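Below is one structure; the comments refer to it alone.
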Amino acid sequence: MDKAQILQRLPYTSPFLFVDRLVHINANGVVGKYTFRDDLPFYKGHFKDFPLTPGALLTECCAQIGVVCLGIYLFSEEIASKAAIALTKTEMEFLLPVLPGETVTVASEKVYFRFQKLKCKVKMTNALDQVVCKGEISGMLIPSEREK
Amino acid sequence: MEKENLELYQKLREIVGQYLPEDISVNDIKVNSNFTQELNINSANLVDIVLDVEDAFDIMLENEDMDGMQTVEDALTIIAQKIDQNPS
């Protein structure tokens, strides 16, 4: 499965799609990019006087690229069926703020993919290659419809 | 319970104990406890239990083993079988 097909299969759309493109992907990990455009609606409220990307959305971005994209890839390789992915655990550390307009890179490394559970080590870096946040995210892959 | 099985049971209880939700205590773990129904362990944590079991007993478990592990007793049976299969 190629990168474009994976993006197509993502179950998200605006305003909750936090993947712009995948740089590379294989069975051991994935690297992807996303730009937090400065017109995203939540910046109006987070925070009142100074817009900053919420940590919850940095985590979401890491999960979409690092676990969901990788999960779709791994699942299609192994059992050729479509999968829904349920987030089961996140453990994140936030080190630097992400301002409106910044492009971030998420690198995810598979810790294990067994019994339908995918656990990954994720790391988000900014344009200066500084680590913005890092941690571990796990999800359970639930087979949905068979490949047509 | 035989001595060997008792050791196995104790070890399994220790592992399972780490994944119990807050409202369940280690003392609630009985031989016939159902992991998901009675001990309220979710499927994601059940995978972690299985992976810890593999490390602790130096065995390899397959999908069908996972499917067969409904209760603590099921797990004990499967673990004992696997240990017998590869004496190390």
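How things are named: the first chain in the structure tokens is A, the next is B, and so on; residues count from 1 in each chain; ligands count from 1 in the order shown.
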Exercise: Glu91 in chain A partners within 7 Å, only C-alpha atoms, chain neighbours under 6 positions left out, as a PDB file with N, CA and C atoms, in the first residue's frame:
```pdb
ATOM      1  N   GLY A 135       6.595  10.606  23.283  1.00  0.00           N
ATOM      2  CA  GLY A 135       5.908   9.712  24.198  1.00  0.00           C
ATOM      3  C   GLY A 135       5.570   8.390  23.551  1.00  0.00           C
ATOM      4  N   GLU A 136       4.598   7.705  24.148  1.00  0.00           N
ATOM      5  CA  GLU A 136       4.162   6.422  23.624  1.00  0.00           C
ATOM      6  C   GLU A 136       2.657   6.439  23.443  1.00  0.00           C
ATOM      7  N   ILE A 137       2.211   5.921  22.329  1.00  0.00           N
ATOM      8  CA  ILE A 137       0.781   5.872  22.030  1.00  0.00           C
ATOM      9  C   ILE A 137       0.431   4.461  21.574  1.00  0.00           C
TER      10      ILE A 137
END
```
Mind dumping a table of every chain B residue within 10 Å of chain A, with the nearest atom pair and its distance in Å to one decimal, using only C-alpha atoms, sorted by chain and rising number, as a Markdown table?
```
| residue | atom | partner | partner_atom | distance |
| --- | --- | --- | --- | --- |
| B:Asn42 | CA | A:Thr88 | CA | 9.3 |
| B:Ser43 | CA | A:Met140 | CA | 8.0 |
| B:Ala44 | CA | A:Met140 | CA | 6.4 |
| B:Asn45 | CA | A:Thr88 | CA | 8.8 |
| B:Leu46 | CA | A:Phe115 | CA | 9.5 |
| B:Val47 | CA | A:Phe115 | CA | 6.5 |
| B:Asp48 | CA | A:Lys117 | CA | 9.0 |
| B:Val50 | CA | A:Phe115 | CA | 9.2 |
| B:Leu51 | CA | A:Arg114 | CA | 8.7 |
| B:Leu61 | CA | A:Phe115 | CA | 9.6 |
| B:Glu62 | CA | A:Phe115 | CA | 8.1 |
| B:Asn63 | CA | A:Phe115 | CA | 6.3 |
| B:Glu64 | CA | A:Phe115 | CA | 9.8 |
| B:Met66 | CA | A:Phe115 | CA | 7.7 |
| B:Asp67 | CA | A:Phe115 | CA | 9.6 |
```
Serialized selection, N, CA and C atoms, as a PDB file, in the first residue's frame:
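Dumped to result32.pdb:
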```pdb
ATOM      1  N   ASN B  42      -9.511  -4.509  29.926  1.00  0.00           N
ATOM      2  CA  ASN B  42      -9.890  -4.275  28.524  1.00  0.00           C
ATOM      3  C   ASN B  42      -8.959  -5.009  27.571  1.00  0.00           C
ATOM      4  N   SER B  43      -9.349  -5.056  26.313  1.00  0.00           N
ATOM      5  CA  SER B  43      -8.607  -5.881  25.354  1.00  0.00           C
ATOM      6  C   SER B  43      -7.173  -5.388  25.168  1.00  0.00           C
ATOM      7  N   ALA B  44      -6.962  -4.075  25.283  1.00  0.00           N
ATOM      8  CA  ALA B  44      -5.606  -3.540  25.108  1.00  0.00           C
ATOM      9  C   ALA B  44      -4.710  -4.004  26.253  1.00  0.00           C
ATOM     10  N   ASN B  45      -5.239  -3.990  27.472  1.00  0.00           N
ATOM     11  CA  ASN B  45      -4.449  -4.447  28.610  1.00  0.00           C
ATOM     12  C   ASN B  45      -4.267  -5.957  28.605  1.00  0.00           C
ATOM     13  N   LEU B  46      -5.233  -6.654  28.043  1.00  0.00           N
ATOM     14  CA  LEU B  46      -5.101  -8.103  27.930  1.00  0.00           C
ATOM     15  C   LEU B  46      -3.905  -8.454  27.036  1.00  0.00           C
ATOM     16  N   VAL B  47      -3.693  -7.651  25.999  1.00  0.00           N
ATOM     17  CA  VAL B  47      -2.518  -7.871  25.146  1.00  0.00           C
ATOM     18  C   VAL B  47      -1.242  -7.684  25.967  1.00  0.00           C
ATOM     19  N   ASP B  48      -1.222  -6.647  26.808  1.00  0.00           N
ATOM     20  CA  ASP B  48      -0.031  -6.420  27.635  1.00  0.00           C
ATOM     21  C   ASP B  48       0.200  -7.569  28.608  1.00  0.00           C
ATOM     22  N   VAL B  50      -0.639 -10.683  28.082  1.00  0.00           N
ATOM     23  CA  VAL B  50      -0.122 -11.788  27.273  1.00  0.00           C
ATOM     24  C   VAL B  50       1.366 -11.587  26.956  1.00  0.00           C
ATOM     25  N   LEU B  51       1.755 -10.355  26.639  1.00  0.00           N
ATOM     26  CA  LEU B  51       3.167 -10.090  26.327  1.00  0.00           C
ATOM     27  C   LEU B  51       4.047 -10.277  27.567  1.00  0.00           C
ATOM     28  N   LEU B  61       3.005 -16.984  22.456  1.00  0.00           N
ATOM     29  CA  LEU B  61       1.566 -17.234  22.351  1.00  0.00           C
ATOM     30  C   LEU B  61       1.031 -16.766  20.997  1.00  0.00           C
ATOM     31  N   GLU B  62       0.057 -17.489  20.487  1.00  0.00           N
ATOM     32  CA  GLU B  62      -0.518 -17.180  19.175  1.00  0.00           C
ATOM     33  C   GLU B  62      -1.922 -16.591  19.346  1.00  0.00           C
ATOM     34  N   ASN B  63      -2.471 -16.141  18.217  1.00  0.00           N
ATOM     35  CA  ASN B  63      -3.810 -15.552  18.272  1.00  0.00           C
ATOM     36  C   ASN B  63      -4.853 -16.483  18.889  1.00  0.00           C
ATOM     37  N   GLU B  64      -4.747 -17.775  18.530  1.00  0.00           N
ATOM     38  CA  GLU B  64      -5.767 -18.704  19.058  1.00  0.00           C
ATOM     39  C   GLU B  64      -5.606 -18.903  20.567  1.00  0.00           C
ATOM     40  N   MET B  66      -4.661 -16.530  22.567  1.00  0.00           N
ATOM     41  CA  MET B  66      -5.274 -15.313  23.090  1.00  0.00           C
ATOM     42  C   MET B  66      -6.796 -15.470  23.133  1.00  0.00           C
ATOM     43  N   ASP B  67      -7.354 -15.996  22.047  1.00  0.00           N
ATOM     44  CA  ASP B  67      -8.816 -16.174  21.985  1.00  0.00           C
ATOM     45  C   ASP B  67      -9.305 -17.138  23.054  1.00  0.00           C
TER      46      ASP B  67
END
```
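Separating CA of Glu7 in chain B from CA of Asn40 in chain B is a distance of 23.9 Å.
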Pick out each residue of range 69-138 of chain A that DSSP on the backbone tags as helix (DSSP H, G or I); I need them as JSON, numbers by chain. {"A": [69, 70, 71, 72, 73, 74, 75, 76, 77, 78, 79]}
Please provide as a ChimeraX atom specification all residues within 10 Å of range 11-19 of chain B, with the sequence filter that same-chain residues fewer than 6 positions apart are discarded (counting only C-alpha atoms). /B:5,25-31,35,39-42,45-46,48-50,52-53,56-57,72,75-76,79
Can you tell me which residues surround Leu57 in chain A at a distance of at most 10 Å, considering only C-alpha atoms, apart from same-chain residues fewer than 3 positions away, and format the answer as a PyMOL selection string? chain A and resi 16+18+36+42+53-54+60-63
Writer output for current selection, N, CA and C atoms, as an mmCIF file, in the first residue's frame:
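Saved file selection_23.cif follows:
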```
data_model
loop_
_atom_site.group_PDB
_atom_site.id
_atom_site.type_symbol
_atom_site.label_atom_id
_atom_site.label_comp_id
_atom_site.auth_asym_id
_atom_site.auth_seq_id
_atom_site.Cartn_x
_atom_site.Cartn_y
_atom_site.Cartn_z
ATOM 1 N N PHE A 16 -10.610 17.990 11.554
ATOM 2 C CA PHE A 16 -9.930 17.094 12.479
ATOM 3 C C PHE A 16 -8.958 16.149 11.788
ATOM 4 N N PHE A 18 -5.170 15.771 10.897
ATOM 5 C CA PHE A 18 -3.889 16.370 11.277
ATOM 6 C C PHE A 18 -2.708 15.655 10.614
ATOM 7 N N PHE A 36 0.191 23.328 11.162
ATOM 8 C CA PHE A 36 -0.904 23.917 11.943
ATOM 9 C C PHE A 36 -1.164 25.316 11.411
ATOM 10 N N PHE A 42 -9.458 26.633 16.582
ATOM 11 C CA PHE A 42 -9.229 26.581 18.037
ATOM 12 C C PHE A 42 -8.266 27.650 18.544
ATOM 13 N N THR A 53 -0.887 25.997 20.076
ATOM 14 C CA THR A 53 -1.518 24.715 19.736
ATOM 15 C C THR A 53 -1.730 23.866 20.992
ATOM 16 N N PRO A 54 -2.955 23.418 21.237
ATOM 17 C CA PRO A 54 -3.212 22.595 22.427
ATOM 18 C C PRO A 54 -2.430 21.278 22.394
ATOM 19 N N GLU A 60 -2.966 14.278 19.212
ATOM 20 C CA GLU A 60 -3.819 13.776 18.138
ATOM 21 C C GLU A 60 -3.032 13.653 16.832
ATOM 22 N N CYS A 61 -2.224 14.681 16.551
ATOM 23 C CA CYS A 61 -1.406 14.671 15.336
ATOM 24 C C CYS A 61 -0.423 13.490 15.372
ATOM 25 N N CYS A 62 0.211 13.292 16.527
ATOM 26 C CA CYS A 62 1.134 12.154 16.686
ATOM 27 C C CYS A 62 0.400 10.831 16.503
ATOM 28 N N ALA A 63 -0.819 10.766 17.028
ATOM 29 C CA ALA A 63 -1.589 9.518 16.940
ATOM 30 C C ALA A 63 -2.040 9.252 15.501
#
```
d(CA of Pro51 in chain A, CA of Val122 in chain A) in Å: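 Interatomic distance, CA of Pro51 in chain A to CA of Val122 in chain A: 24.4 Å.
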